[in-house]
file model03.txt (compact mmCIF, C-alpha atoms and all ligand atoms)
# COMPACT_ATOMS: atom_id res chain seq x y z
CA MET A 1 32.31 -2.88 -7.56
CA ILE A 2 35.39 -1.76 -5.64
CA PRO A 3 35.30 -0.39 -2.07
CA LEU A 4 35.00 3.39 -1.70
CA GLU A 5 38.30 3.83 0.14
CA GLU A 6 40.22 1.85 -2.46
CA ALA A 7 38.63 3.98 -5.19
CA ARG A 8 39.66 7.18 -3.43
CA GLN A 9 43.22 5.99 -2.93
CA ARG A 10 43.51 4.97 -6.58
CA ILE A 11 42.25 8.39 -7.65
CA LEU A 12 44.56 10.26 -5.28
CA SER A 13 47.62 8.23 -6.18
CA ALA A 14 47.16 9.18 -9.84
CA ILE A 15 46.88 12.94 -9.13
CA ARG A 16 49.90 15.21 -9.59
CA PRO A 17 50.15 18.69 -8.04
CA THR A 18 49.99 21.68 -10.37
CA GLY A 19 53.12 23.76 -10.87
CA PRO A 20 53.94 27.05 -9.13
CA GLU A 21 52.90 30.54 -10.21
CA THR A 22 53.59 33.95 -8.72
CA VAL A 23 50.62 36.10 -7.69
CA PRO A 24 50.29 39.51 -6.03
CA LEU A 25 49.99 39.22 -2.27
CA ALA A 26 46.33 40.27 -2.17
CA ALA A 27 45.42 37.54 -4.68
CA GLY A 28 46.97 34.88 -2.47
CA TRP A 29 43.99 34.39 -0.17
CA ASN A 30 42.75 30.77 -0.21
CA ARG A 31 45.55 29.72 -2.56
CA VAL A 32 48.04 27.03 -1.53
CA LEU A 33 51.68 28.00 -1.06
CA ALA A 34 54.09 26.23 -3.40
CA ARG A 35 57.12 27.75 -1.62
CA PRO A 36 57.42 28.66 2.05
CA VAL A 37 57.16 32.27 3.15
CA VAL A 38 60.42 33.23 4.85
CA ALA A 39 60.67 36.48 6.82
CA ARG A 40 62.52 39.13 4.82
CA LEU A 41 62.98 41.25 7.93
CA THR A 42 62.86 41.15 11.71
CA GLN A 43 59.67 42.25 13.44
CA PRO A 44 59.70 44.50 15.35
CA PRO A 45 62.91 45.78 13.79
CA ALA A 46 64.12 47.26 17.11
CA ASP A 47 62.99 47.40 20.75
CA VAL A 48 59.76 49.44 20.59
CA SER A 49 57.28 50.86 23.04
CA ALA A 50 53.98 49.06 23.53
CA MET A 51 52.36 52.14 25.10
CA ASP A 52 52.17 55.93 24.97
CA GLY A 53 54.37 57.39 27.76
CA TYR A 54 58.03 58.00 28.50
CA ALA A 55 61.19 56.01 27.85
CA VAL A 56 63.04 55.99 31.18
CA ARG A 57 65.71 54.26 33.25
CA ALA A 58 63.67 52.16 35.68
CA ALA A 59 66.18 52.78 38.48
CA ASP A 60 65.42 56.53 38.24
CA ALA A 61 61.68 56.31 37.54
CA VAL A 62 60.63 55.45 41.09
CA THR A 63 57.45 56.75 42.71
CA GLY A 64 57.87 60.41 43.70
CA ALA A 65 60.93 61.05 41.47
CA THR A 66 61.15 63.96 39.04
CA LEU A 67 62.74 63.46 35.60
CA THR A 68 63.68 65.83 32.76
CA VAL A 69 62.09 65.27 29.36
CA THR A 70 64.80 65.73 26.70
CA GLY A 71 63.00 64.87 23.45
CA ALA A 72 60.41 62.70 21.74
CA ALA A 73 60.33 59.36 19.85
CA PRO A 74 57.06 59.00 17.92
CA ALA A 75 56.61 55.89 15.73
CA GLY A 76 58.68 56.36 12.58
CA HIS A 77 60.87 59.09 14.10
CA PRO A 78 63.54 57.57 16.37
CA PHE A 79 65.11 59.88 18.97
CA ALA A 80 68.66 60.67 17.94
CA GLY A 81 70.17 60.85 21.46
CA GLN A 82 70.31 58.72 24.60
CA VAL A 83 68.35 58.61 27.84
CA GLY A 84 70.81 59.63 30.54
CA PRO A 85 70.42 59.43 34.35
CA GLY A 86 67.39 61.40 35.55
CA GLU A 87 66.13 61.84 31.98
CA ALA A 88 63.01 60.74 30.08
CA VAL A 89 62.04 60.80 26.37
CA ARG A 90 58.41 61.20 25.32
CA ILE A 91 57.47 58.05 23.39
CA PHE A 92 54.42 56.70 21.59
CA THR A 93 53.21 53.19 20.78
CA GLY A 94 55.51 51.73 18.13
CA GLY A 95 58.30 54.30 18.75
CA PHE A 96 61.86 52.92 18.98
CA VAL A 97 63.10 52.81 22.58
CA PRO A 98 66.14 55.16 22.70
CA PRO A 99 69.46 53.79 23.94
CA GLY A 100 69.86 54.13 27.71
CA ALA A 101 66.16 53.58 28.48
CA ASP A 102 65.12 50.22 29.95
CA ALA A 103 61.39 50.72 30.62
CA ILE A 104 58.33 52.65 29.46
CA LEU A 105 56.54 54.73 32.05
CA ILE A 106 52.93 54.94 30.82
CA GLN A 107 51.63 58.50 30.75
CA GLU A 108 48.83 57.64 33.21
CA ASN A 109 51.59 57.11 35.85
CA ALA A 110 53.30 60.47 35.42
CA LYS A 111 52.49 64.17 35.45
CA ALA A 112 54.23 66.44 32.91
CA GLU A 113 54.77 70.16 33.41
CA GLY A 114 56.89 71.56 30.61
CA ALA A 115 60.14 69.56 30.59
CA ARG A 116 59.60 68.29 34.15
CA LEU A 117 58.03 64.89 34.68
CA ALA A 118 56.76 63.81 38.13
CA VAL A 119 56.60 60.01 38.49
CA THR A 120 53.35 59.08 40.29
CA GLU A 121 53.92 55.31 40.07
CA GLY A 122 57.32 53.72 39.49
CA VAL A 123 58.07 51.19 36.76
CA ALA A 124 60.02 47.90 36.59
CA VAL A 125 62.88 47.17 34.16
CA GLY A 126 61.61 45.94 30.77
CA ARG A 127 58.01 47.06 31.33
CA TRP A 128 56.06 47.87 28.13
CA ILE A 129 59.04 47.20 25.84
CA ARG A 130 58.48 44.90 22.85
CA ARG A 131 61.88 43.39 22.16
CA ARG A 132 63.39 43.35 18.67
CA GLY A 133 62.25 40.16 16.87
CA LEU A 134 59.42 39.49 19.37
CA ASP A 135 57.11 38.45 16.51
CA PHE A 136 59.60 36.95 14.04
CA ALA A 137 63.18 37.17 12.87
CA GLU A 138 64.62 37.61 9.38
CA GLY A 139 65.28 34.25 7.70
CA GLY A 140 62.73 32.34 9.79
CA GLU A 141 60.10 30.23 7.99
CA LEU A 142 56.70 31.75 8.75
CA LEU A 143 54.38 29.73 6.48
CA PRO A 144 55.23 26.29 5.09
CA ALA A 145 54.68 25.14 1.51
CA GLY A 146 51.39 23.27 1.20
CA ARG A 147 49.40 25.67 3.40
CA ARG A 148 46.10 27.12 2.21
CA LEU A 149 46.41 30.82 2.94
CA THR A 150 44.02 32.47 5.38
CA ALA A 151 43.49 36.23 5.72
CA ARG A 152 45.78 36.03 8.77
CA ASP A 153 48.50 34.44 6.65
CA ILE A 154 48.19 37.24 4.07
CA GLY A 155 48.72 39.77 6.88
CA LEU A 156 51.75 37.85 8.14
CA ALA A 157 53.28 37.60 4.65
CA ALA A 158 52.70 41.35 4.19
CA ALA A 159 54.37 42.09 7.54
CA ALA A 160 57.31 39.95 6.42
CA ASN A 161 57.62 42.21 3.33
CA HIS A 162 56.38 39.86 0.59
CA PRO A 163 54.58 41.72 -2.22
CA TRP A 164 54.34 38.44 -4.20
CA LEU A 165 53.59 34.85 -3.25
CA THR A 166 54.40 31.60 -5.03
CA VAL A 167 51.34 29.36 -5.02
CA HIS A 168 50.12 26.28 -6.86
CA ARG A 169 48.41 27.12 -10.14
CA ARG A 170 44.63 26.73 -9.84
CA PRO A 171 43.70 23.29 -11.18
CA ARG A 172 41.75 23.66 -14.45
CA ILE A 173 38.88 21.24 -14.57
CA GLY A 174 36.87 20.58 -17.72
CA ILE A 175 33.21 19.79 -17.00
CA LEU A 176 31.40 17.82 -19.67
CA ALA A 177 27.71 17.09 -19.15
CA THR A 178 26.32 14.47 -21.50
CA GLY A 179 22.81 13.52 -22.52
CA ASP A 180 20.35 14.17 -25.35
CA GLU A 181 17.79 15.30 -22.81
CA ILE A 182 19.72 18.06 -21.09
CA ALA A 183 20.16 21.76 -21.85
CA LEU A 184 22.10 24.46 -20.04
CA PRO A 185 20.06 26.67 -17.70
CA GLY A 186 18.32 29.38 -19.74
CA ASP A 187 18.69 27.56 -23.10
CA PRO A 188 15.59 26.25 -24.92
CA LEU A 189 14.58 22.83 -23.55
CA PRO A 190 14.22 19.99 -26.06
CA ALA A 191 11.02 17.89 -25.96
CA GLY A 192 11.35 15.57 -22.97
CA GLY A 193 14.32 17.59 -21.84
CA ILE A 194 15.63 18.64 -18.43
CA VAL A 195 17.98 21.38 -17.36
CA SER A 196 21.58 20.45 -16.60
CA SER A 197 22.15 21.18 -12.95
CA ASN A 198 25.29 19.09 -12.67
CA ALA A 199 27.68 21.26 -14.66
CA HIS A 200 26.99 24.42 -12.67
CA ALA A 201 26.88 22.65 -9.32
CA LEU A 202 30.25 21.03 -10.09
CA ALA A 203 31.73 24.34 -11.22
CA ALA A 204 30.71 25.78 -7.84
CA VAL A 205 32.25 22.83 -5.96
CA ILE A 206 35.46 23.31 -7.94
CA ALA A 207 35.51 27.06 -7.24
CA SER A 208 34.95 26.46 -3.53
CA ALA A 209 38.04 24.25 -3.49
CA GLY A 210 40.26 26.75 -5.32
CA GLY A 211 39.98 25.27 -8.82
CA GLU A 212 38.78 26.74 -12.11
CA GLY A 213 35.85 24.90 -13.66
CA CYS A 214 35.37 25.20 -17.42
CA ILE A 215 31.85 24.25 -18.46
CA LEU A 216 32.02 22.64 -21.92
CA PRO A 217 29.09 22.55 -24.34
CA ILE A 218 26.69 19.71 -23.58
CA ALA A 219 27.52 16.52 -25.44
CA PRO A 220 24.58 14.65 -26.98
CA ASP A 221 24.32 10.86 -26.54
CA ASP A 222 26.65 10.28 -29.44
CA ALA A 223 30.09 8.73 -28.99
CA GLY A 224 31.75 10.94 -31.63
CA SER A 225 30.55 14.19 -30.02
CA ILE A 226 31.50 13.05 -26.52
CA ALA A 227 34.97 11.99 -27.73
CA ALA A 228 35.53 15.27 -29.60
CA LEU A 229 34.51 17.43 -26.63
CA ALA A 230 36.43 15.29 -24.13
CA GLY A 231 39.61 15.68 -26.14
CA SER A 232 39.10 19.38 -26.83
CA GLY A 233 41.14 20.90 -24.04
CA GLY A 234 44.15 19.93 -21.99
CA TYR A 235 42.67 20.07 -18.50
CA ASP A 236 44.31 19.03 -15.29
CA LEU A 237 41.26 16.79 -14.90
CA LEU A 238 38.18 16.16 -17.01
CA VAL A 239 34.93 15.53 -15.16
CA THR A 240 32.04 14.07 -17.13
CA THR A 241 28.51 13.59 -15.86
CA GLY A 242 25.89 11.17 -17.10
CA GLY A 243 26.30 8.24 -19.40
CA ALA A 244 28.24 6.32 -16.78
CA SER A 245 25.82 3.44 -16.26
CA VAL A 246 24.89 0.33 -18.19
CA GLY A 247 22.14 1.46 -20.61
CA GLU A 248 22.89 1.57 -24.33
CA HIS A 249 22.72 5.39 -24.19
CA ASP A 250 25.37 5.42 -21.43
CA LEU A 251 28.20 6.11 -23.79
CA VAL A 252 31.01 7.79 -21.90
CA GLN A 253 33.38 4.82 -21.70
CA LYS A 254 32.69 3.77 -25.28
CA ALA A 255 33.19 7.34 -26.52
CA LEU A 256 36.43 7.84 -24.63
CA GLY A 257 37.61 4.52 -26.06
CA GLN A 258 37.10 5.94 -29.57
CA SER A 259 39.01 9.14 -28.86
CA THR A 260 41.85 10.01 -31.20
CA THR A 261 43.78 11.63 -28.33
CA PRO A 262 47.36 10.23 -28.42
CA GLY A 263 47.64 7.44 -25.87
CA GLY A 264 43.87 6.82 -26.02
CA PHE A 265 41.69 6.04 -23.03
CA ALA A 266 42.87 3.76 -20.24
CA LEU A 267 40.20 2.75 -17.73
CA ASP A 268 41.42 2.29 -14.16
CA PHE A 269 38.12 1.26 -12.59
CA TRP A 270 34.36 1.48 -13.07
CA LYS A 271 31.72 0.95 -10.35
CA ILE A 272 32.11 1.54 -6.66
CA ALA A 273 30.29 -0.06 -3.75
CA MET A 274 28.68 3.21 -2.71
CA ARG A 275 25.29 4.91 -2.77
CA PRO A 276 24.67 7.21 -4.46
CA GLY A 277 27.32 7.03 -7.16
CA LYS A 278 27.82 3.38 -8.03
CA PRO A 279 28.67 3.72 -11.75
CA LEU A 280 31.64 6.11 -11.32
CA ILE A 281 34.40 5.90 -13.95
CA TRP A 282 38.09 6.63 -13.33
CA GLY A 283 40.71 6.54 -16.03
CA ARG A 284 43.04 8.56 -18.21
CA LEU A 285 42.60 10.09 -21.65
CA GLY A 286 46.15 10.45 -22.91
CA ALA A 287 47.85 12.19 -19.98
CA MET A 288 44.62 13.73 -18.63
CA PRO A 289 42.85 12.04 -15.70
CA VAL A 290 39.12 11.54 -16.29
CA LEU A 291 36.49 11.26 -13.56
CA GLY A 292 33.19 10.05 -14.97
CA LEU A 293 30.41 10.94 -12.55
CA PRO A 294 26.91 9.50 -12.69
CA GLY A 295 24.20 11.70 -14.15
CA ASN A 296 21.83 11.69 -11.20
CA PRO A 297 22.38 15.12 -9.62
CA VAL A 298 22.71 13.89 -6.04
CA SER A 299 25.07 11.11 -7.14
CA ALA A 300 27.23 13.58 -9.04
CA LEU A 301 27.49 15.93 -6.06
CA VAL A 302 28.05 13.28 -3.41
CA CYS A 303 30.81 11.80 -5.59
CA ALA A 304 32.26 15.31 -5.93
CA VAL A 305 32.43 15.56 -2.13
CA VAL A 306 33.93 12.11 -1.72
CA PHE A 307 36.39 12.08 -4.66
CA LEU A 308 36.64 15.42 -6.48
CA LEU A 309 37.32 17.62 -3.44
CA PRO A 310 40.20 15.42 -2.21
CA ALA A 311 41.55 15.30 -5.78
CA LEU A 312 41.44 19.11 -6.00
CA ALA A 313 43.22 19.36 -2.67
CA ARG A 314 45.92 16.95 -3.86
CA MET A 315 46.37 18.95 -7.09
CA GLN A 316 47.10 22.01 -4.97
CA GLY A 317 49.70 20.25 -2.87
CA LEU A 318 47.48 19.62 0.16
CA PRO A 319 47.64 16.32 1.99
CA ASP A 320 43.83 15.84 2.29
CA SER A 321 42.77 12.27 1.80
CA GLY A 322 39.03 12.51 2.37
CA PRO A 323 36.32 14.84 3.63
CA ARG A 324 36.42 15.61 7.34
CA THR A 325 33.76 13.93 9.43
CA ILE A 326 32.14 14.69 12.76
CA ARG A 327 30.34 12.46 15.24
CA ALA A 328 26.62 12.87 15.74
CA VAL A 329 23.78 10.85 17.24
CA ALA A 330 21.15 9.27 15.04
CA GLY A 331 17.80 11.04 15.34
CA VAL A 332 15.89 7.90 14.27
CA ASP A 333 16.45 4.12 14.10
CA LEU A 334 18.67 3.31 11.11
CA PRO A 335 18.09 0.10 9.14
CA GLU A 336 20.92 -2.32 8.36
CA ASN A 337 22.86 -1.44 5.24
CA ASP A 338 23.51 -3.51 2.11
CA GLN A 339 26.87 -3.89 0.33
CA ARG A 340 27.12 -0.22 -0.77
CA ALA A 341 28.62 2.47 1.52
CA ASP A 342 25.68 4.85 1.97
CA HIS A 343 25.59 8.63 2.30
CA LEU A 344 22.26 9.61 3.82
CA ARG A 345 21.17 13.21 3.29
CA ALA A 346 20.42 14.43 6.82
CA SER A 347 19.61 17.44 8.97
CA LEU A 348 22.09 18.25 11.76
CA ILE A 349 20.57 19.87 14.83
CA PRO A 350 22.68 20.78 17.88
CA ALA A 351 21.20 19.34 21.11
CA GLU A 352 22.35 18.68 24.66
CA GLY A 353 23.75 15.21 23.99
CA GLY A 354 25.55 16.35 20.80
CA ILE A 355 24.51 16.99 17.22
CA VAL A 356 21.42 15.03 16.18
CA ALA A 357 21.59 13.71 12.61
CA THR A 358 18.25 12.79 11.08
CA PRO A 359 18.06 11.36 7.54
CA ALA A 360 15.53 12.88 5.13
CA ALA A 361 12.49 10.68 4.55
CA ARG A 362 13.30 10.33 0.82
CA GLN A 363 16.82 9.45 -0.33
CA ASP A 364 16.34 9.22 -4.10
CA SER A 365 19.47 10.26 -6.00
CA SER A 366 17.47 12.57 -8.28
CA MET A 367 16.23 14.75 -5.40
CA LEU A 368 18.35 17.87 -5.48
CA ALA A 369 15.99 19.83 -3.21
CA VAL A 370 16.52 17.23 -0.48
CA LEU A 371 20.30 17.50 -0.89
CA ALA A 372 20.17 21.31 -0.87
CA SER A 373 18.25 21.35 2.41
CA ALA A 374 20.48 18.73 4.06
CA ASP A 375 23.21 19.80 6.47
CA GLY A 376 25.31 16.67 6.14
CA LEU A 377 25.73 13.11 4.91
CA ILE A 378 25.43 10.27 7.43
CA LEU A 379 27.97 7.58 6.52
CA ARG A 380 26.77 3.99 6.64
CA ALA A 381 29.48 1.40 6.01
CA PRO A 382 28.78 -1.62 3.80
CA PHE A 383 26.75 -4.20 5.77
CA ALA A 384 26.52 -1.86 8.81
CA PRO A 385 24.05 -3.40 11.28
CA ALA A 386 20.77 -1.68 12.20
CA LEU A 387 21.31 1.09 14.76
CA PRO A 388 18.82 2.30 17.35
CA LYS A 389 18.00 6.01 17.61
CA GLY A 390 20.65 7.77 19.74
CA SER A 391 23.58 5.70 18.40
CA VAL A 392 26.77 7.48 17.38
CA VAL A 393 27.15 7.98 13.63
CA GLU A 394 29.82 9.58 11.46
CA VAL A 395 28.72 12.51 9.33
CA ILE A 396 30.25 14.68 6.59
CA PRO A 397 29.02 18.24 7.29
CA LEU A 398 28.42 20.01 3.98
CA ALA A 399 28.39 23.72 4.78
CA ALA A 400 32.06 23.85 5.81
CA LEU A 401 32.97 22.41 2.40
CA GLY A 402 31.08 25.16 0.58
CA VAL A 403 29.03 22.43 -1.09
N1 LIG B 501 20.00 -1.32 -15.09
C1 LIG B 501 20.67 -0.43 -14.36
N2 LIG B 501 20.32 0.85 -14.45
C2 LIG B 501 20.98 1.76 -13.71
C3 LIG B 501 22.01 1.35 -12.85
C4 LIG B 501 22.37 -0.02 -12.80
O1 LIG B 501 23.28 -0.42 -12.06
N3 LIG B 501 21.67 -0.86 -13.59
N4 LIG B 501 22.61 2.29 -12.07
C5 LIG B 501 21.78 3.40 -11.69
C6 LIG B 501 22.54 4.34 -10.94
S1 LIG B 501 22.99 3.87 -9.39
C7 LIG B 501 22.80 5.58 -11.39
S2 LIG B 501 23.61 6.69 -10.39
C8 LIG B 501 22.41 6.03 -12.71
C9 LIG B 501 23.57 6.75 -13.39
O2 LIG B 501 23.38 6.77 -14.71
P1 LIG B 501 24.27 7.58 -15.74
O3 LIG B 501 25.51 8.07 -15.17
O4 LIG B 501 24.36 6.73 -16.93
O5 LIG B 501 23.37 8.85 -15.97
P2 LIG B 501 22.24 9.11 -17.05
O6 LIG B 501 21.52 7.86 -17.34
O7 LIG B 501 22.86 9.84 -18.15
O8 LIG B 501 21.32 10.06 -16.21
C10 LIG B 501 20.74 9.66 -14.99
C11 LIG B 501 19.72 10.73 -14.59
O9 LIG B 501 20.38 11.95 -14.33
C12 LIG B 501 19.88 12.97 -15.18
N5 LIG B 501 20.97 13.83 -15.61
C13 LIG B 501 21.97 13.49 -16.43
N6 LIG B 501 22.80 14.54 -16.61
C14 LIG B 501 22.32 15.54 -15.88
C15 LIG B 501 22.73 16.88 -15.66
N7 LIG B 501 23.84 17.37 -16.23
N8 LIG B 501 22.00 17.63 -14.82
C16 LIG B 501 20.89 17.14 -14.24
N9 LIG B 501 20.45 15.87 -14.41
C17 LIG B 501 21.15 15.09 -15.23
C18 LIG B 501 19.29 12.24 -16.33
O10 LIG B 501 18.30 12.97 -17.00
C19 LIG B 501 18.73 10.99 -15.68
O11 LIG B 501 17.46 11.26 -15.11
O12 LIG B 501 22.01 4.93 -13.50
C20 LIG B 501 21.08 4.06 -12.86
N10 LIG B 501 20.64 3.09 -13.80
O1 LIG B 502 24.34 5.32 -7.37
MO1 LIG B 502 23.00 5.83 -8.10
O2 LIG B 502 23.85 7.21 -7.70
O3 LIG B 502 22.33 5.06 -6.63
O4 LIG B 502 21.51 6.62 -8.12

call {"tool": "encode", "arguments": {"input": "model03.txt", "output": "C-alpha cells"}}
result
Amino acid sequence: MIPLEEARQRILSAIRPTGPETVPLAAGWNRVLARPVVARLTQPPADVSAMDGYAVRAADAVTGATLTVTGAAPAGHPFAGQVGPGEAVRIFTGGFVPPGADAILIQENAKAEGARLAVTEGVAVGRWIRRRGLDFAEGGELLPAGRRLTARDIGLAAAANHPWLTVHRRPRIGILATGDEIALPGDPLPAGGIVSSNAHALAAVIASAGGEGCILPIAPDDAGSIAALAGSGGYDLLVTTGGASVGEHDLVQKALGQSTTPGGFALDFWKIAMRPGKPLIWGRLGAMPVLGLPGNPVSALVCAVVFLLPALARMQGLPDSGPRTIRAVAGVDLPENDQRADHLRASLIPAEGGIVATPAARQDSSMLAVLASADGLILRAPFAPALPKGSVVEVIPLAALGV
C-alpha cells in the first residue's frame, strides 16, 4: 500500500493536458482557456459620459451661469462639433464626450428652456467622464491561459471583441464497469444481480469537471471481454470499476495484462493506504492512462474525488493538485485511526464556533444513500490519534465539487 499523496502525485505526473480547440464564445463557459484572451480593442474606445446631462466646460458651468445648448451626443452618435466657451452639448450615458468639454453636468443640476441651459449646481473638471481605456486597453492580456471561464469572463471576452475562444479539448474518459452481477439502470437484472450505479455516477463527476464520460457496455467477469472493451477506444483516460481487489473474480489487472493493445499494460501501482478505496489500480494501456477504481460505490466515488477530479483538472491545463478542504469542528469524539487515510462521510452544519462536522453512524463503502446525504468527507490521516468532540478537523466539502 502506498500513501495517498504519493499515489496522487504519481497519477498527476503521468497526465498530459489535452490540445486546444476553438469554440464559439457562448460555448466557452466553464471551459479552460488554452490561449490567453488579449483585448482586441480599447474600452471605452473614447472618453464617454457616465450620466445623462450636458457636456460642458467646467470653468463656465458654475452655479447660476447660463449656457447655450448647441447639439446632442447620444450613445452611438458622436457630436460632430466642439464645445466652445459658454456652450453645452446634450449628452447621454455612453455618449462620446465632444472635444472642448471637460465635465458632464448631470441634468438634475440644470434647467433647460429651449437652447438655454441654467446651471443650478456647478460641476468640477473631469466629473462623470469615463476616460478612454478605463476598463482595458487594446493588446492587454485580460484572461490568462489555464483559467476556467466564468460567466463574467465570457462577458469580458465578448467586450474585448472575441467571437471565438481557444480552450482545452474536453478530456474524453472511457468508463468501464465490470462484473457478472451488474446491469445498467433499466436493463433486465440477472439472477443475483445489482444495478450499476458507478458508471453513471462517474459520468456525472466527469461532466461536472468539464470532461466527457463515455459509458462502455458492462464487461462480464471474463478477462477476454474486459481486455477487448478496455482496448476499444482511444480515450484520454480509461476508468474501470470493480474487479480491482484480490478475489479470483477480480480480473481487471489480469485482463489488461492480456490486452493486445500495442505496448500492452504497464502497472504503475496497486493498493493505496486509504479508506475507502484501498485496491485502486494505476497504469497505462499502450499510451492510455488507466485508473482502476474499486467496485464498492462509495469507494469508487471517493476515489473519483481524490484522484479523478485532480486528473481531469490537470488534463484541462489547471494546476489543481487535490480537492480543496475547509476546517470544521468534530461534532463527536473521533477514534484513533489505523494505517489507512480515512474519508468519513459527514454532515456539515454551520454553528457559532464554525462548521460542525459529524460522521454518519455507518461508514460501510457500499452505502450510497449515506454518501448521497453527506455534505463532506472528514479527513483522518493514517495513525491519527483519537480526537475529542470540538477538535478541528479537515473536511472536503462535496457540494462545491458537484459530486
Ligand atoms: N480478501 C479481501 N477482500 C477484499 C479486500 C481485501 O483487501 N481483501 N478489499 C476490499 C475492498 S477495501 C474493496 S473496496 C473491495 C473492492 O473490490 P473490487 O474492486 O474487486 O470490486 P468488486 O468485488 O467487483 O465489487 C465490490 C462490490 O461493489 C459492487 N459493484 C461492483 N461494480 C459496481 C457498479 N458498477 N455499481 C454498483 N456496485 C458495483 C459489487 O457488486 C460488490 O458488492 O474489495 C474488498 N474485498
Ligand atoms: O477500500 Mo474498500 O473501498 O474499504 O471498501

call {"tool": "residues_around", "arguments": {"input": "model03.txt", "residues": "A:Ala201", "least_positions_apart": "5", "cutoff": "9 Å", "atoms": "all atoms listed in the file", "output": "PyMOL selection string"}}
result
chain A and resi 206+297+301+403

call {"tool": "closest_residue", "arguments": {"input": "model03.txt", "among": "A:Pro171, A:Gln253, A:Ala209, A:Leu238", "to": "A:Ala223", "atoms": "all atoms listed in the file"}}
result
A:Gln253

call {"tool": "atom_distance", "arguments": {"input": "model03.txt", "atom1": "atom O5 of ligand LIG 501 (chain B)", "atom2": "atom CA of A:Arg324"}}
result
27.6 Å

call {"tool": "residues_around", "arguments": {"input": "model03.txt", "residues": "A:Ile106", "least_positions_apart": "2", "cutoff": "9 Å", "atoms": "only C-alpha atoms", "output": "list in words"}}
result
Met51, Asp52, Gly53, Tyr54, Ala55, Ile104, Glu108, Asn109, Ala110, Val123 and Trp128 of chain A

call {"tool": "residues_near_ligand", "arguments": {"input": "model03.txt", "ligand": "ligand LIG 501 (chain B)", "cutoff": "8 Å", "atoms": "all atoms listed in the file", "output": "number ranges by chain"}}
result
A: 177-179, 181-182, 193-199, 241-247, 249-251, 275-280, 292-297, 299-300, 365-366

call {"tool": "residues_around", "arguments": {"input": "model03.txt", "residues": "A:Ala230", "least_positions_apart": "3", "cutoff": "9 Å", "atoms": "all atoms listed in the file", "output": "VMD selection string"}}
result
chain A and resid 174 176 216 225 to 227 233 238 240 255 to 256 259 285

call {"tool": "closest_residue", "arguments": {"input": "model03.txt", "among": "A:Ala384, A:Ala304, A:Ile91, A:Ala400", "to": "ligand LIG 502 (chain B)", "atoms": "only C-alpha atoms and all ligand atoms"}}
result
A:Ala304

call {"tool": "closest_residue", "arguments": {"input": "model03.txt", "among": "A:Leu267, A:Val305, A:Ile272, A:Val370", "to": "ligand LIG 502 (chain B)", "atoms": "all atoms listed in the file"}}
result
A:Ile272

call {"tool": "closest_residue", "arguments": {"input": "model03.txt", "among": "A:Ala372, A:Thr358, A:Leu184, A:Met1", "to": "ligand LIG 502 (chain B)", "atoms": "all atoms listed in the file"}}
result
A:Met1

call {"tool": "closest_residue", "arguments": {"input": "model03.txt", "among": "A:Asn161, A:Ser373, A:Gln363, A:Thr70", "to": "ligand LIG 502 (chain B)", "atoms": "all atoms listed in the file"}}
result
A:Gln363

call {"tool": "atom_distance", "arguments": {"input": "model03.txt", "atom1": "atom CA of A:Ala183", "atom2": "atom CA of A:Ser232"}}
result
19.7 Å
